[in-house]
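These notes concern the structure reproduced below.
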Amino acid sequence: MSTTRPYSPGDRGPEPSGASGASEGGATGESDGGVPAGQAAMLGASAPAPAAASGATSASPPASGEGGGRQARRLTFEDATGVVPLARDFTREALYAWGWLPSATADQRAAAEDVLLVVSELVTNACLHAEGPDELRITCEKKVIRLEVSDRGTGQPSPRTPHRAGRPGGHGMFIVQRLCLDWGVVRTPGVAGKRVWAELGAPA
């Protein structure tokens, strides 16, 4: 279970600054097969799996990501507003579809909350330092969730060193580093922008 989460299990806490408000139009979510994915319901300990939006389809994978092969979903942010809650809702729907939610134990709930928190931090970082995110990719394979946020920024994300908990700002990548199994930045030669990725594991 994470030791850096500022809220108790089941409490989403406030969205990052500037991210309040409901998700609005403009963004599209797709699976690897190009199937539109609907937005998810709010996280709840005993809530049923959220229903996909009209016209959306989703598979019913094994619980907790066990068995089966690699699964992936993609969300584009073109002309979208409220991108942080939009990314969280999209990620939450994937967690329901892949069996990470609803959670049966406190550790499982904490793992799902860590995924949602890291998504928020990666997307917020792109908003603050890279003119906003272009795309979110989520993959699940062998009980590991991989998050990738692409943007057109030229900067290099890194945790502020030394980290001071009482200092405003600069905590996003520190949180990512603390919660994730690994993270990094991928750039393609000759292509503007970058892809910031992070991996989190399901509890044993």
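Chain lettering (A, B, ...) mirrors the order of the structure tokens, residue numbering begins at 1 for each chain separately, and ligand numbering begins at 1 in order of display.
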query = Using only C-alpha atoms, which residues sit within 10 Å of Thr154 (chain A) once same-chain residues fewer than 4 positions away are excluded, as JSON, numbers by chain?
reply = {"A": [129, 130, 187, 192, 193, 194]}
Write a file of the just-selected residues containing N, CA and C atoms, as a short mmCIF file (atom, residue, chain, number, x, y, z; two decimals), in the first residue's frame.
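Final file, part-v2.cif:
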```cif
data_model
loop_
_atom_site.label_atom_id
_atom_site.label_comp_id
_atom_site.auth_asym_id
_atom_site.auth_seq_id
_atom_site.Cartn_x
_atom_site.Cartn_y
_atom_site.Cartn_z
N HIS A 129 3.73 22.08 -18.21
CA HIS A 129 5.06 22.25 -18.80
C HIS A 129 5.15 21.92 -20.29
N ALA A 130 4.06 21.47 -20.90
CA ALA A 130 4.17 21.03 -22.30
C ALA A 130 2.94 21.40 -23.13
N ARG A 187 11.70 9.54 -26.36
CA ARG A 187 11.66 10.49 -27.47
C ARG A 187 11.98 9.77 -28.76
N ALA A 192 8.76 15.78 -32.87
CA ALA A 192 8.63 16.72 -31.76
C ALA A 192 7.90 16.06 -30.60
N GLY A 193 8.26 16.45 -29.38
CA GLY A 193 7.55 15.96 -28.21
C GLY A 193 8.20 14.74 -27.58
N LYS A 194 7.45 14.15 -26.67
CA LYS A 194 7.97 13.02 -25.90
C LYS A 194 6.81 12.19 -25.36
#
```
key: Spatial neighbours of Asn125 (chain A), 9 Å, only C-alpha atoms, chain gap at least 5 places, as JSON, numbers by chain   = {"A": [120, 130, 132, 133, 157, 172, 173]}
Output N, CA and C atoms for every residue in the selection just made, as a PDB file, in the first residue's frame.
```
ATOM      1  N   SER A 120      -3.257  11.406 -12.907  1.00  0.00           N
ATOM      2  CA  SER A 120      -3.494  12.823 -12.656  1.00  0.00           C
ATOM      3  C   SER A 120      -2.191  13.615 -12.711  1.00  0.00           C
ATOM      4  N   ALA A 130       4.063  21.466 -20.902  1.00  0.00           N
ATOM      5  CA  ALA A 130       4.166  21.032 -22.301  1.00  0.00           C
ATOM      6  C   ALA A 130       2.941  21.401 -23.133  1.00  0.00           C
ATOM      7  N   GLY A 132      -0.080  20.979 -22.636  1.00  0.00           N
ATOM      8  CA  GLY A 132      -1.152  19.992 -22.564  1.00  0.00           C
ATOM      9  C   GLY A 132      -0.798  18.665 -23.186  1.00  0.00           C
ATOM     10  N   PRO A 133      -1.495  17.590 -22.770  1.00  0.00           N
ATOM     11  CA  PRO A 133      -1.218  16.258 -23.313  1.00  0.00           C
ATOM     12  C   PRO A 133      -1.881  16.049 -24.675  1.00  0.00           C
ATOM     13  N   PRO A 157      11.030  15.911 -17.706  1.00  0.00           N
ATOM     14  CA  PRO A 157      10.434  15.785 -16.369  1.00  0.00           C
ATOM     15  C   PRO A 157      11.418  15.138 -15.395  1.00  0.00           C
ATOM     16  N   GLY A 172       4.791  16.611  -8.255  1.00  0.00           N
ATOM     17  CA  GLY A 172       4.187  15.642  -9.162  1.00  0.00           C
ATOM     18  C   GLY A 172       5.081  14.470  -9.511  1.00  0.00           C
ATOM     19  N   MET A 173       6.281  14.751 -10.028  1.00  0.00           N
ATOM     20  CA  MET A 173       7.164  13.665 -10.440  1.00  0.00           C
ATOM     21  C   MET A 173       7.770  12.942  -9.238  1.00  0.00           C
TER      22      MET A 173
END
```
ask   = If we count only C-alpha atoms, what is near Leu95 (chain A) at a cut-off of 9 Å, once residues fewer than 4 positions away on the same chain are taken out, given as a ChimeraX atom specification?
value = /A:64,90-91,99-102,112,115
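Closest to Phe77 (chain A) among A:Cys180, A:Thr188, A:Cys127, A:Arg92 is A:Cys127, based on only C-alpha atoms.
If only C-alpha atoms are the atoms counted, then among A:Ala87, A:Val196, A:Ala94, A:Leu75 the closest residue to Ile145 (chain A) is A:Ala94.
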key: DSSP alpha helix (DSSP H) selection over region 81-171 of chain A, as an MDAnalysis selection string   = chainID A and resid 83:97 106:129
task = Pick out the closest residue to Glu121 (chain A) from this set: A:Ala80, A:Val191, A:Leu200, A:Val149. Count only C-alpha atoms.
result =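 Of A:Ala80, A:Val191, A:Leu200, A:Val149, the one nearest Glu121 (chain A), counting only C-alpha atoms, is A:Val149.
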ask   = Which one of A:Glu131, A:Asp182, A:Glu199, A:Glu93 sits closest to Glu78 (chain A) if you count only C-alpha atoms?
value =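 Counting only C-alpha atoms, the residue closest to Glu78 (chain A) is A:Glu131.
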